[in-house]
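Trainee: Below is run_25.cif; it holds mmCIF, C-alpha atoms and all ligand atoms.
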```cif
data_target
loop_
_atom_site.label_atom_id
_atom_site.label_comp_id
_atom_site.auth_asym_id
_atom_site.auth_seq_id
_atom_site.Cartn_x
_atom_site.Cartn_y
_atom_site.Cartn_z
CA MET S 1296 4.01 18.88 -8.50
CA GLN S 1297 6.40 20.00 -5.81
CA VAL S 1298 5.77 21.18 -2.25
CA ARG S 1299 8.02 21.74 0.71
CA THR S 1300 5.88 19.75 3.14
CA LEU S 1301 3.32 17.03 2.51
CA ILE S 1302 1.12 16.09 5.46
CA LEU S 1303 -0.79 12.82 5.16
CA GLY S 1304 -3.97 13.13 7.26
CA ALA S 1305 -6.15 16.18 7.96
CA GLY S 1306 -7.08 15.10 11.48
CA ALA S 1307 -6.22 16.72 14.78
CA ALA S 1308 -2.45 16.33 14.53
CA GLY S 1309 -2.16 16.96 10.77
CA LEU S 1310 -4.15 20.21 10.86
CA MET S 1311 -2.26 21.47 13.89
CA CYS S 1312 1.01 20.67 12.18
CA ALA S 1313 -0.15 22.48 9.03
CA ALA S 1314 -0.83 25.58 11.11
CA HIS S 1315 2.83 25.65 12.12
CA ALA S 1316 4.66 24.15 9.16
CA GLY S 1317 4.89 27.35 7.15
CA PRO S 1318 3.80 28.04 3.57
CA ASP S 1319 4.10 25.53 0.76
CA THR S 1320 2.42 22.83 2.79
CA LEU S 1321 -0.14 20.45 1.33
CA VAL S 1322 -2.41 18.34 3.53
CA VAL S 1323 -4.10 15.36 1.89
CA ASP S 1324 -6.85 13.18 3.30
CA HIS S 1325 -9.08 10.52 1.82
CA ALA S 1326 -12.10 11.67 3.83
CA ARG S 1327 -14.78 14.02 2.58
CA ALA S 1328 -14.29 16.39 5.51
CA PRO S 1329 -11.28 17.23 7.68
CA GLY S 1330 -11.13 16.51 11.42
CA GLU S 1331 -14.01 14.06 11.49
CA LYS S 1332 -12.98 12.57 14.82
CA ILE S 1333 -12.87 16.03 16.32
CA ARG S 1334 -16.39 16.63 15.05
CA ILE S 1335 -17.86 13.56 16.74
CA SER S 1336 -15.67 13.64 19.85
CA GLY S 1337 -17.01 14.34 23.30
CA GLY S 1338 -20.58 13.73 22.18
CA GLY S 1339 -20.20 16.50 19.57
CA ARG S 1340 -18.63 18.98 22.01
CA CYS S 1341 -14.99 17.84 21.79
CA ASN S 1342 -13.11 17.28 25.01
CA PHE S 1343 -10.21 19.23 23.52
CA THR S 1344 -7.70 19.12 26.39
CA ASN S 1345 -7.29 18.43 30.06
CA LEU S 1346 -6.24 20.93 32.72
CA TYR S 1347 -4.18 18.23 34.42
CA THR S 1348 -2.24 17.10 31.38
CA ASP S 1349 0.84 15.45 32.77
CA ALA S 1350 3.28 12.91 31.37
CA ASP S 1351 2.03 10.16 33.70
CA ARG S 1352 -1.37 10.17 32.00
CA PHE S 1353 0.07 8.66 28.83
CA LEU S 1354 1.07 5.10 27.94
CA GLY S 1355 3.88 4.15 25.60
CA GLY S 1356 7.07 2.18 25.34
CA ASN S 1357 9.09 5.16 26.57
CA PRO S 1358 7.38 6.97 29.47
CA HIS S 1359 9.57 10.06 28.90
CA PHE S 1360 9.24 10.46 25.13
CA HIS S 1361 6.12 12.65 25.10
CA LYS S 1362 7.35 15.03 27.83
CA SER S 1363 9.20 17.38 25.51
CA ALA S 1364 6.36 18.05 23.06
CA LEU S 1365 3.78 18.32 25.84
CA ALA S 1366 5.98 20.81 27.70
CA ARG S 1367 6.61 22.99 24.67
CA TYR S 1368 2.98 23.19 23.57
CA THR S 1369 0.81 22.82 26.65
CA GLN S 1370 -2.88 22.67 27.45
CA TRP S 1371 -2.60 26.40 28.34
CA ASP S 1372 -1.32 27.17 24.84
CA PHE S 1373 -4.28 25.37 23.30
CA ILE S 1374 -6.72 27.08 25.69
CA GLU S 1375 -5.20 30.43 24.69
CA LEU S 1376 -5.84 29.57 21.01
CA VAL S 1377 -9.42 28.51 21.72
CA ASP S 1378 -9.98 31.75 23.66
CA ARG S 1379 -8.51 33.80 20.83
CA TYR S 1380 -11.18 32.36 18.55
CA GLY S 1381 -13.87 33.20 21.10
CA ILE S 1382 -14.86 29.55 21.49
CA ALA S 1383 -16.71 29.17 24.77
CA TRP S 1384 -15.79 26.18 26.92
CA HIS S 1385 -16.35 24.65 30.32
CA GLU S 1386 -14.74 22.11 32.60
CA LYS S 1387 -16.99 19.08 32.86
CA THR S 1388 -15.14 16.96 35.39
CA LEU S 1389 -11.59 15.92 36.28
CA GLY S 1390 -10.08 18.80 34.31
CA GLN S 1391 -11.80 17.79 31.05
CA LEU S 1392 -12.49 20.85 28.89
CA PHE S 1393 -15.38 20.77 26.43
CA CYS S 1394 -16.81 23.32 23.98
CA ASP S 1395 -20.04 24.91 25.17
CA GLY S 1396 -21.17 24.75 21.55
CA LYS S 1397 -20.23 22.40 18.76
CA ALA S 1398 -16.96 20.55 18.22
CA THR S 1399 -16.98 21.83 14.64
CA GLN S 1400 -15.80 25.17 16.08
CA ILE S 1401 -12.48 23.48 16.84
CA VAL S 1402 -12.25 22.10 13.29
CA ALA S 1403 -13.02 25.54 11.85
CA MET S 1404 -10.38 27.10 14.11
CA LEU S 1405 -7.72 24.63 12.97
CA LEU S 1406 -8.64 25.11 9.30
CA SER S 1407 -8.40 28.86 9.73
CA GLU S 1408 -4.97 28.56 11.40
CA ALA S 1409 -3.73 26.22 8.67
CA GLU S 1410 -5.03 28.53 5.96
CA LYS S 1411 -3.41 31.58 7.61
CA ALA S 1412 -0.13 29.67 7.59
CA GLY S 1413 -0.52 29.13 3.86
CA ALA S 1414 -1.35 25.43 3.84
CA ARG S 1415 -3.55 23.87 1.16
CA LEU S 1416 -5.94 21.01 1.79
CA TRP S 1417 -6.87 18.24 -0.62
CA LEU S 1418 -9.76 16.11 0.54
CA GLU S 1419 -11.13 12.92 -1.05
CA THR S 1420 -7.59 12.18 -2.11
CA GLU S 1421 -6.34 8.60 -2.16
CA VAL S 1422 -2.73 8.05 -1.20
CA GLY S 1423 -0.89 5.56 -3.39
CA ALA S 1424 2.78 4.60 -3.60
CA VAL S 1425 5.24 6.62 -1.53
CA SER S 1426 8.99 6.52 -2.09
CA HIS S 1427 12.15 8.35 -1.14
CA ALA S 1428 15.17 9.12 -3.32
CA ASP S 1429 17.76 11.90 -3.55
CA GLY S 1430 16.55 13.58 -0.37
CA ARG S 1431 12.96 13.84 -1.56
CA PHE S 1432 9.75 11.98 -0.94
CA THR S 1433 7.44 11.24 -3.82
CA CYS S 1434 3.83 10.40 -3.22
CA ARG S 1435 1.36 9.27 -5.83
CA VAL S 1436 -2.14 10.51 -5.04
CA THR S 1437 -5.44 10.31 -6.87
CA ARG S 1438 -7.84 13.20 -6.64
CA GLY S 1439 -11.04 13.50 -8.63
CA GLY S 1440 -9.86 10.67 -10.88
CA LYS S 1441 -6.61 12.47 -11.66
CA VAL S 1442 -3.23 11.10 -10.61
CA HIS S 1443 -0.62 13.48 -9.16
CA HIS S 1444 2.97 12.78 -8.21
CA ILE S 1445 3.84 15.05 -5.34
CA ALA S 1446 7.49 15.63 -4.48
CA ALA S 1447 8.20 16.93 -0.98
CA GLU S 1448 11.17 17.68 1.23
CA ASN S 1449 9.20 16.76 4.32
CA LEU S 1450 6.65 14.00 4.73
CA ILE S 1451 4.47 13.96 7.84
CA LEU S 1452 2.68 10.76 8.83
CA ALA S 1453 -0.51 11.99 10.52
CA THR S 1454 -3.12 9.45 9.48
CA GLY S 1455 -3.85 8.34 13.05
CA GLY S 1456 -4.47 4.83 14.30
CA LYS S 1457 -6.81 1.99 13.41
CA SER S 1458 -9.74 2.90 15.62
CA ILE S 1459 -13.15 3.22 13.97
CA PRO S 1460 -12.41 2.07 10.41
CA LYS S 1461 -15.94 3.18 9.46
CA MET S 1462 -14.72 6.75 9.93
CA GLY S 1463 -11.81 6.28 7.57
CA ALA S 1464 -9.15 5.01 9.96
CA SER S 1465 -6.52 2.97 8.15
CA GLY S 1466 -3.14 1.50 8.89
CA LEU S 1467 -1.45 3.82 6.37
CA ALA S 1468 0.93 5.49 8.83
CA PHE S 1469 2.01 2.08 10.09
CA ASP S 1470 2.53 0.71 6.56
CA LEU S 1471 4.61 3.74 5.57
CA ALA S 1472 6.59 3.61 8.81
CA ARG S 1473 7.45 -0.01 8.04
CA LEU S 1474 8.31 0.89 4.45
CA PHE S 1475 10.82 3.45 5.68
CA GLY S 1476 12.38 1.07 8.19
CA LEU S 1477 10.76 2.29 11.40
CA SER S 1478 9.78 -0.30 13.96
CA LEU S 1479 6.30 -0.58 15.41
CA THR S 1480 5.14 -1.61 18.84
CA GLU S 1481 2.18 -3.96 19.21
CA THR S 1482 -1.06 -2.16 18.42
CA ARG S 1483 -4.36 -2.87 20.14
CA PRO S 1484 -7.72 -1.17 20.64
CA ALA S 1485 -7.86 1.02 23.76
CA LEU S 1486 -10.42 3.19 25.54
CA VAL S 1487 -12.86 0.50 24.53
CA PRO S 1488 -15.71 -1.36 26.31
CA PHE S 1489 -15.19 -4.86 27.69
CA THR S 1490 -17.28 -7.70 26.30
CA PHE S 1491 -18.62 -10.69 28.25
CA ASP S 1492 -20.51 -13.84 27.36
CA ALA S 1493 -23.83 -13.04 25.70
CA GLY S 1494 -26.47 -12.00 28.18
CA ARG S 1495 -24.05 -11.77 31.13
CA PHE S 1496 -25.37 -8.35 32.17
CA ALA S 1497 -28.61 -8.34 30.14
CA ASP S 1498 -30.62 -7.68 33.30
CA LEU S 1499 -28.48 -4.63 34.08
CA SER S 1500 -28.18 -3.04 30.65
CA GLY S 1501 -28.30 0.75 31.01
CA THR S 1502 -27.45 0.77 34.73
CA ALA S 1503 -24.59 3.07 35.74
CA VAL S 1504 -22.75 3.12 39.06
CA PRO S 1505 -19.70 4.89 40.44
CA ALA S 1506 -16.99 2.25 40.77
CA ARG S 1507 -13.27 1.64 41.03
CA VAL S 1508 -12.18 -0.70 38.25
CA GLY S 1509 -8.67 -2.04 38.37
CA ASN S 1510 -6.05 -4.73 38.37
CA ASP S 1511 -2.74 -4.98 40.20
CA ARG S 1512 -1.16 -2.38 37.88
CA GLN S 1513 -3.73 0.40 37.67
CA SER S 1514 -7.23 1.39 38.75
CA PHE S 1515 -9.71 4.13 37.93
CA GLU S 1516 -12.57 5.49 39.99
CA GLU S 1517 -15.25 6.87 37.71
CA ALA S 1518 -18.64 5.85 36.38
CA MET S 1519 -19.16 2.29 35.11
CA LEU S 1520 -22.00 1.33 32.78
CA PHE S 1521 -23.54 -2.11 32.22
CA THR S 1522 -24.45 -2.73 28.58
CA HIS S 1523 -26.07 -5.60 26.72
CA ARG S 1524 -22.56 -6.54 25.50
CA GLY S 1525 -20.66 -6.08 28.75
CA LEU S 1526 -19.16 -3.15 30.61
CA SER S 1527 -18.50 0.40 29.53
CA GLY S 1528 -18.32 3.88 31.04
CA PRO S 1529 -15.22 5.97 31.78
CA ALA S 1530 -13.74 3.70 34.49
CA VAL S 1531 -13.92 0.71 32.15
CA LEU S 1532 -12.65 2.54 29.06
CA GLN S 1533 -9.68 3.81 31.05
CA MET S 1534 -8.94 0.35 32.41
CA SER S 1535 -9.06 -1.23 28.94
CA SER S 1536 -5.71 0.42 28.15
CA TYR S 1537 -4.13 -1.51 31.03
CA TRP S 1538 -5.88 -4.85 30.46
CA ARG S 1539 -4.65 -7.89 28.55
CA GLU S 1540 -6.59 -10.92 27.28
CA GLY S 1541 -7.16 -13.60 29.89
CA GLU S 1542 -6.86 -11.20 32.82
CA ASP S 1543 -9.45 -10.40 35.48
CA VAL S 1544 -10.59 -6.94 36.41
CA VAL S 1545 -11.54 -6.23 40.00
CA ILE S 1546 -14.44 -3.91 40.65
CA ASP S 1547 -15.08 -2.01 43.85
CA LEU S 1548 -18.79 -1.22 43.76
CA LEU S 1549 -18.57 0.92 46.88
CA PRO S 1550 -15.34 2.88 46.49
CA GLY S 1551 -14.40 4.87 49.55
CA GLN S 1552 -16.95 3.04 51.72
CA ASP S 1553 -16.48 0.24 54.20
CA ALA S 1554 -19.20 -2.31 53.47
CA THR S 1555 -18.30 -4.47 56.48
CA GLN S 1556 -18.71 -1.60 58.89
CA ASP S 1557 -21.82 -0.26 57.16
CA LEU S 1558 -23.52 -3.67 57.26
CA ARG S 1559 -22.58 -4.26 60.89
CA GLU S 1560 -23.99 -0.87 61.86
CA ALA S 1561 -27.15 -1.49 59.83
CA ARG S 1562 -27.54 -4.92 61.51
CA ALA S 1563 -27.29 -3.27 64.94
CA GLN S 1564 -29.72 -0.48 64.09
CA SER S 1565 -32.36 -2.14 61.93
CA GLY S 1566 -31.91 -5.90 62.03
CA ARG S 1567 -35.39 -6.55 60.67
CA ARG S 1568 -34.63 -4.97 57.34
CA ALA S 1569 -33.97 -7.32 54.40
CA VAL S 1570 -30.32 -7.49 53.35
CA THR S 1571 -31.31 -6.54 49.80
CA THR S 1572 -33.20 -3.48 51.06
CA ALA S 1573 -30.19 -2.34 53.05
CA LEU S 1574 -27.88 -2.76 50.06
CA SER S 1575 -30.32 -0.97 47.77
CA GLN S 1576 -29.60 2.19 49.75
CA HIS S 1577 -26.10 2.12 48.30
CA LEU S 1578 -26.55 0.37 44.95
CA PRO S 1579 -29.25 0.26 42.24
CA ALA S 1580 -31.90 -2.36 43.12
CA ARG S 1581 -31.30 -4.14 39.78
CA LEU S 1582 -27.64 -4.56 40.63
CA VAL S 1583 -28.46 -5.88 44.10
CA ALA S 1584 -30.84 -8.40 42.49
CA HIS S 1585 -28.10 -9.42 40.05
CA LEU S 1586 -25.56 -9.88 42.85
CA GLY S 1587 -28.13 -11.95 44.73
CA GLY S 1588 -27.78 -14.51 41.95
CA GLN S 1589 -24.12 -14.96 42.88
CA ILE S 1590 -23.87 -14.42 46.63
CA ASP S 1591 -26.33 -15.21 49.36
CA LEU S 1592 -28.25 -12.00 50.08
CA THR S 1593 -31.33 -13.72 51.50
CA GLY S 1594 -32.88 -12.95 54.87
CA ASN S 1595 -32.76 -9.98 57.18
CA LEU S 1596 -29.75 -8.10 58.45
CA ALA S 1597 -30.20 -9.75 61.85
CA ASP S 1598 -29.62 -13.14 60.15
CA LEU S 1599 -26.14 -12.12 59.00
CA SER S 1600 -23.18 -13.60 60.84
CA ASP S 1601 -19.93 -11.62 60.84
CA ALA S 1602 -18.55 -14.18 58.39
CA ARG S 1603 -21.45 -13.65 55.97
CA ILE S 1604 -21.03 -9.88 56.25
CA ASP S 1605 -17.35 -10.33 55.41
CA THR S 1606 -18.24 -12.43 52.36
CA ILE S 1607 -20.77 -9.88 51.11
CA ALA S 1608 -18.36 -7.00 51.69
CA GLU S 1609 -15.56 -8.87 49.93
CA ASN S 1610 -17.81 -9.37 46.89
CA LEU S 1611 -18.88 -5.72 46.83
CA HIS S 1612 -15.36 -4.35 47.13
CA HIS S 1613 -13.57 -7.00 45.04
CA TRP S 1614 -15.98 -8.20 42.37
CA ARG S 1615 -13.67 -10.19 40.15
CA LEU S 1616 -14.69 -10.49 36.49
CA ARG S 1617 -12.93 -11.79 33.42
CA PRO S 1618 -13.88 -10.02 30.17
CA THR S 1619 -13.96 -12.27 27.12
CA GLY S 1620 -12.48 -9.40 25.12
CA THR S 1621 -13.18 -5.85 24.02
CA GLU S 1622 -15.39 -4.35 21.34
CA GLY S 1623 -12.23 -3.88 19.28
CA TYR S 1624 -11.34 -1.16 16.80
CA ARG S 1625 -15.01 -0.87 15.81
CA THR S 1626 -15.67 1.32 18.86
CA ALA S 1627 -12.24 1.94 20.42
CA GLU S 1628 -11.49 5.63 20.89
CA VAL S 1629 -7.80 5.13 20.29
CA THR S 1630 -5.10 2.71 19.22
CA LEU S 1631 -2.58 1.75 21.84
CA GLY S 1632 0.96 1.29 20.51
CA GLY S 1633 2.12 2.30 17.07
CA ILE S 1634 5.26 3.81 15.61
CA ASP S 1635 8.07 3.03 18.03
CA THR S 1636 9.32 6.23 19.66
CA LYS S 1637 12.85 4.83 19.68
CA GLY S 1638 13.06 5.83 16.03
CA LEU S 1639 11.84 9.41 16.61
CA ASP S 1640 13.39 12.58 17.99
CA SER S 1641 11.16 13.70 20.87
CA ARG S 1642 11.74 17.43 20.23
CA THR S 1643 10.87 17.41 16.55
CA MET S 1644 9.03 14.10 15.95
CA MET S 1645 11.39 13.54 13.00
CA THR S 1646 12.63 10.03 12.39
CA ARG S 1647 16.20 9.58 13.46
CA HIS S 1648 17.44 7.85 10.34
CA LEU S 1649 15.57 9.60 7.52
CA ARG S 1650 15.73 13.38 7.32
CA GLY S 1651 12.37 14.98 6.57
CA LEU S 1652 10.19 12.06 7.68
CA TYR S 1653 8.01 12.85 10.70
CA ALA S 1654 5.29 10.97 12.62
CA ILE S 1655 2.73 12.68 14.87
CA GLY S 1656 -0.53 12.08 16.72
CA GLU S 1657 -2.16 8.75 17.38
CA ALA S 1658 0.04 6.89 14.89
CA VAL S 1659 2.89 7.22 17.38
CA ASP S 1660 3.24 4.90 20.38
CA VAL S 1661 1.90 7.51 22.80
CA THR S 1662 -1.64 7.01 24.10
CA GLY S 1663 -3.40 9.22 26.60
CA TRP S 1664 -6.02 8.50 29.18
CA LEU S 1665 -9.62 9.32 28.47
CA GLY S 1666 -10.38 12.99 29.10
CA GLY S 1667 -8.83 15.22 26.45
CA TYR S 1668 -5.31 13.83 26.74
CA ASN S 1669 -5.26 12.31 23.26
CA PHE S 1670 -6.17 15.55 21.57
CA GLN S 1671 -3.55 17.35 23.62
CA TRP S 1672 -0.99 14.85 22.33
CA ALA S 1673 -2.20 15.48 18.76
CA TRP S 1674 -1.83 19.27 19.24
CA SER S 1675 1.56 19.06 21.00
CA SER S 1676 3.14 16.56 18.62
CA GLY S 1677 1.70 18.42 15.61
CA VAL S 1678 3.19 21.70 16.79
CA ALA S 1679 6.54 20.04 17.58
CA ALA S 1680 6.85 18.78 14.00
CA GLY S 1681 5.42 21.96 12.46
CA ARG S 1682 7.91 24.19 14.27
CA ALA S 1683 10.82 21.91 13.37
CA ILE S 1684 10.13 21.99 9.64
P1 LIG N 1701 -7.12 11.44 13.39
O1 LIG N 1701 -7.78 10.12 13.39
O2 LIG N 1701 -7.77 12.59 14.05
O3 LIG N 1701 -6.83 11.90 11.89
C1 LIG N 1701 -6.30 11.04 10.94
C2 LIG N 1701 -6.72 11.55 9.57
O4 LIG N 1701 -6.06 10.74 8.58
C3 LIG N 1701 -8.21 11.41 9.32
O5 LIG N 1701 -8.72 12.64 8.84
C4 LIG N 1701 -8.32 10.29 8.29
O6 LIG N 1701 -9.39 10.48 7.38
C5 LIG N 1701 -6.98 10.39 7.57
N1 LIG N 1701 -6.56 9.11 7.00
C6 LIG N 1701 -6.52 7.89 7.59
N2 LIG N 1701 -6.10 6.95 6.73
C7 LIG N 1701 -5.86 7.61 5.55
C8 LIG N 1701 -5.44 7.17 4.27
N3 LIG N 1701 -5.17 5.88 4.04
N4 LIG N 1701 -5.32 8.09 3.29
C9 LIG N 1701 -5.60 9.40 3.52
N5 LIG N 1701 -6.02 9.87 4.72
C10 LIG N 1701 -6.15 8.97 5.72
N6 LIG N 1701 -9.69 12.37 22.28
C11 LIG N 1701 -9.75 13.38 23.17
O7 LIG N 1701 -8.71 13.87 23.60
N7 LIG N 1701 -10.96 13.89 23.57
C12 LIG N 1701 -12.14 13.39 23.11
O8 LIG N 1701 -13.23 13.91 23.45
C13 LIG N 1701 -12.09 12.28 22.23
N8 LIG N 1701 -13.24 11.70 21.80
C14 LIG N 1701 -13.19 10.69 20.88
C15 LIG N 1701 -14.38 10.12 20.44
C16 LIG N 1701 -14.35 9.10 19.50
C17 LIG N 1701 -15.63 8.47 19.05
C18 LIG N 1701 -13.09 8.68 18.98
C19 LIG N 1701 -13.03 7.62 17.94
C20 LIG N 1701 -11.92 9.24 19.43
C21 LIG N 1701 -11.95 10.24 20.39
N9 LIG N 1701 -10.77 10.81 20.88
C22 LIG N 1701 -10.85 11.82 21.81
C23 LIG N 1701 -9.44 10.41 20.36
C24 LIG N 1701 -8.99 11.42 19.29
O9 LIG N 1701 -10.04 11.55 18.34
C25 LIG N 1701 -7.72 10.95 18.62
O10 LIG N 1701 -6.74 10.68 19.58
C26 LIG N 1701 -7.20 12.04 17.66
O11 LIG N 1701 -8.17 12.34 16.70
C27 LIG N 1701 -5.92 11.58 16.98
O12 LIG N 1701 -5.52 12.57 16.08
P2 LIG N 1701 -4.72 12.20 14.75
O13 LIG N 1701 -4.64 13.44 13.96
O14 LIG N 1701 -3.51 11.47 15.09
O15 LIG N 1701 -5.68 11.16 14.00
#
```
When written as structure tokens, how does the structure in this file appear?
Mentor:
Amino acid sequence: MQVRTLILGAGAAGLMCAAHAGPDTLVVDHARAPGEKIRISGGGRCNFTNLYTDADRFLGGNPHFHKSALARYTQWDFIELVDRYGIAWHEKTLGQLFCDGKATQIVAMLLSEAEKAGARLWLETEVGAVSHADGRFTCRVTRGGKVHHIAAENLILATGGKSIPKMGASGLAFDLARLFGLSLTETRPALVPFTFDAGRFADLSGTAVPARVGNDRQSFEEAMLFTHRGLSGPAVLQMSSYWREGEDVVIDLLPGQDATQDLREARAQSGRRAVTTALSQHLPARLVAHLGGQIDLTGNLADLSDARIDTIAENLHHWRLRPTGTEGYRTAEVTLGGIDTKGLDSRTMMTRHLRGLYAIGEAVDVTGWLGGYNFQWAWSSGVAAGRAI
């Protein structure tokens, strides 16, 4: 069987690419349904883009690589498409756009666009050996027990990263990239909770606080959640992309406040109040009790010397913790790293050395922040490749 374009992966990037790649396009995927990550994303409402999409909200070996695709298919272009399909949406916070209804509306929209463009979709299709000779790619696939050899002028690697293997994530794009001589950057789970020694935050499990979580390279001020395994919540997920094993993270539990000044004022005004009671006005009582196990919070405010106030304030603004690790690909929203952008043309996403071979989406070494940026990269890179074909 012969097609002009074969897209491996019917996820966000693959479907978007299919909608732009023109007729005679076949999309294959081993999953039962297309766009499964879209379906479950954003708690079922899909945070499909971010109003503030900007190149500095992406990580990758080359901080300029993603600029071209993001500029040529922007968040406004995707919003226009969503509006054209009458899909209602709202901004939740920090420019994050979610469907009012179900995320499956986005999947249906992409399928409709791909179908209009003339693309076919084969699901539950296993990808076998892939080769290249005489300017053509040949891919052996198995569908419904039947083996097909598909010849294609263009081969698009759109099978995503390694995150959430339970949902069908595989290293296929990376294996094929290697096969065709592309280099890879180190891959690691990102947008993922931190783990700590068992029971470290057992007394706090379920408690959420606004916090600034950071290190000397980056910090994020958003919600932080204590879990029975460790730390989660947006501020922590964001920070995980900038963290390496063996490093500390520093947590400001009172971002934007001055604990020294607040405690001094409280001491002057109501010295007979317990220190823990005063702190509980700013932090959940369970967290104050937990901190009391590490720093001296006994006595009344009047008992506090300036030096003790400084120590307490230092601990509240610079709580230094060392994660033992992360929850890994099992729960990571994305894979950091991937196909090295040095081998790709940033306008078209085609590999520099092999005509017709493209890589798009999460498989590429471009990773966005939490908040709709990763889908925007999938849309933009998918369109870039689709238009170039
Ligand atoms: P994607 O993973 O979407 O698609 C890859 C496709 O390839 C899948 O359909 C898979 O079945 C198929 N495939 C894989 N291996 C294969 C093989 N060996 N053979 C055949 N097919 C194969 N981002 C965001 O911007 N906003 C959000 O709200 C969220 N929320 C979110 C929640 C959760 C739980 C996760 C795990 C992730 C998110 N993300 C997100 C990230 C976002 O889902 C991700 O960045 C994009 O889906 C990446 O799009 P791709 O098309 O590159 O991969």
Trainee: Distance CA of Gly1551 (chain S)-CA of Gly1667 (chain S), one decimal place?
Mentor: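 Straight-line distance from CA of Gly1551 (chain S) to CA of Gly1667 (chain S) works out to 25.9 Å.
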Trainee: Please list as a list of chain:residue names every residue within 9 Å of Arg1495 (chain S), counting all atoms listed in the file and excluding residues in the same chain fewer than 2 positions away.
Mentor: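 My reading of the contact set: S:Phe1491, S:Asp1492, S:Ala1493, S:Ala1497, S:Asp1498, S:Leu1499, S:His1523, S:Arg1524, S:Gly1525.
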Trainee: Ala1602 (chain S): which residues within 12 Å, counting all atoms listed in the file, same-chain residues fewer than 6 positions away excluded, as a list in words?
Mentor: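 Listed by chain and then number, they are Thr1555, Leu1558, Arg1559, Asp1591, Ala1608 and Glu1609 of chain S.
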Trainee: Kindly compute an axis-aligned box around the listed atoms of region 1459-1464 of chain S, allowing 8 Å on each side, and express its centre and edge lengths in Å to one decimal as JSON.
Mentor:
```
{"center_x": -12.5, "center_y": 4.4, "center_z": 10.8, "size_x": 22.8, "size_y": 20.7, "size_z": 22.4}
```
Trainee: Could you list as an mmCIF file with C-alpha atoms, in the frame of the given file every residue that has an atom within 12 Å of (0.3, 13.5, 0.2), using the file's coordinates and counting only C-alpha atoms?
Mentor:
```cif
data_model
loop_
_atom_site.group_PDB
_atom_site.id
_atom_site.type_symbol
_atom_site.label_atom_id
_atom_site.label_comp_id
_atom_site.auth_asym_id
_atom_site.auth_seq_id
_atom_site.Cartn_x
_atom_site.Cartn_y
_atom_site.Cartn_z
ATOM 1 C CA MET S 1296 4.010 18.880 -8.500
ATOM 2 C CA GLN S 1297 6.400 20.000 -5.810
ATOM 3 C CA VAL S 1298 5.770 21.180 -2.250
ATOM 4 C CA ARG S 1299 8.020 21.740 0.710
ATOM 5 C CA THR S 1300 5.880 19.750 3.140
ATOM 6 C CA LEU S 1301 3.320 17.030 2.510
ATOM 7 C CA ILE S 1302 1.120 16.090 5.460
ATOM 8 C CA LEU S 1303 -0.790 12.820 5.160
ATOM 9 C CA GLY S 1304 -3.970 13.130 7.260
ATOM 10 C CA ALA S 1305 -6.150 16.180 7.960
ATOM 11 C CA GLY S 1309 -2.160 16.960 10.770
ATOM 12 C CA THR S 1320 2.420 22.830 2.790
ATOM 13 C CA LEU S 1321 -0.140 20.450 1.330
ATOM 14 C CA VAL S 1322 -2.410 18.340 3.530
ATOM 15 C CA VAL S 1323 -4.100 15.360 1.890
ATOM 16 C CA ASP S 1324 -6.850 13.180 3.300
ATOM 17 C CA HIS S 1325 -9.080 10.520 1.820
ATOM 18 C CA ARG S 1415 -3.550 23.870 1.160
ATOM 19 C CA LEU S 1416 -5.940 21.010 1.790
ATOM 20 C CA TRP S 1417 -6.870 18.240 -0.620
ATOM 21 C CA LEU S 1418 -9.760 16.110 0.540
ATOM 22 C CA GLU S 1419 -11.130 12.920 -1.050
ATOM 23 C CA THR S 1420 -7.590 12.180 -2.110
ATOM 24 C CA GLU S 1421 -6.340 8.600 -2.160
ATOM 25 C CA VAL S 1422 -2.730 8.050 -1.200
ATOM 26 C CA GLY S 1423 -0.890 5.560 -3.390
ATOM 27 C CA ALA S 1424 2.780 4.600 -3.600
ATOM 28 C CA VAL S 1425 5.240 6.620 -1.530
ATOM 29 C CA SER S 1426 8.990 6.520 -2.090
ATOM 30 C CA PHE S 1432 9.750 11.980 -0.940
ATOM 31 C CA THR S 1433 7.440 11.240 -3.820
ATOM 32 C CA CYS S 1434 3.830 10.400 -3.220
ATOM 33 C CA ARG S 1435 1.360 9.270 -5.830
ATOM 34 C CA VAL S 1436 -2.140 10.510 -5.040
ATOM 35 C CA THR S 1437 -5.440 10.310 -6.870
ATOM 36 C CA ARG S 1438 -7.840 13.200 -6.640
ATOM 37 C CA VAL S 1442 -3.230 11.100 -10.610
ATOM 38 C CA HIS S 1443 -0.620 13.480 -9.160
ATOM 39 C CA HIS S 1444 2.970 12.780 -8.210
ATOM 40 C CA ILE S 1445 3.840 15.050 -5.340
ATOM 41 C CA ALA S 1446 7.490 15.630 -4.480
ATOM 42 C CA ALA S 1447 8.200 16.930 -0.980
ATOM 43 C CA GLU S 1448 11.170 17.680 1.230
ATOM 44 C CA ASN S 1449 9.200 16.760 4.320
ATOM 45 C CA LEU S 1450 6.650 14.000 4.730
ATOM 46 C CA ILE S 1451 4.470 13.960 7.840
ATOM 47 C CA LEU S 1452 2.680 10.760 8.830
ATOM 48 C CA ALA S 1453 -0.510 11.990 10.520
ATOM 49 C CA THR S 1454 -3.120 9.450 9.480
ATOM 50 C CA LEU S 1467 -1.450 3.820 6.370
ATOM 51 C CA ALA S 1468 0.930 5.490 8.830
ATOM 52 C CA LEU S 1471 4.610 3.740 5.570
#
```
Trainee: Mind giving me the straight-line distance from CA of Gly1633 (chain S) to CA of Arg1483 (chain S) in Å, one decimal?
Mentor: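 We find that CA of Gly1633 (chain S) and CA of Arg1483 (chain S) lie 8.8 Å from each other.
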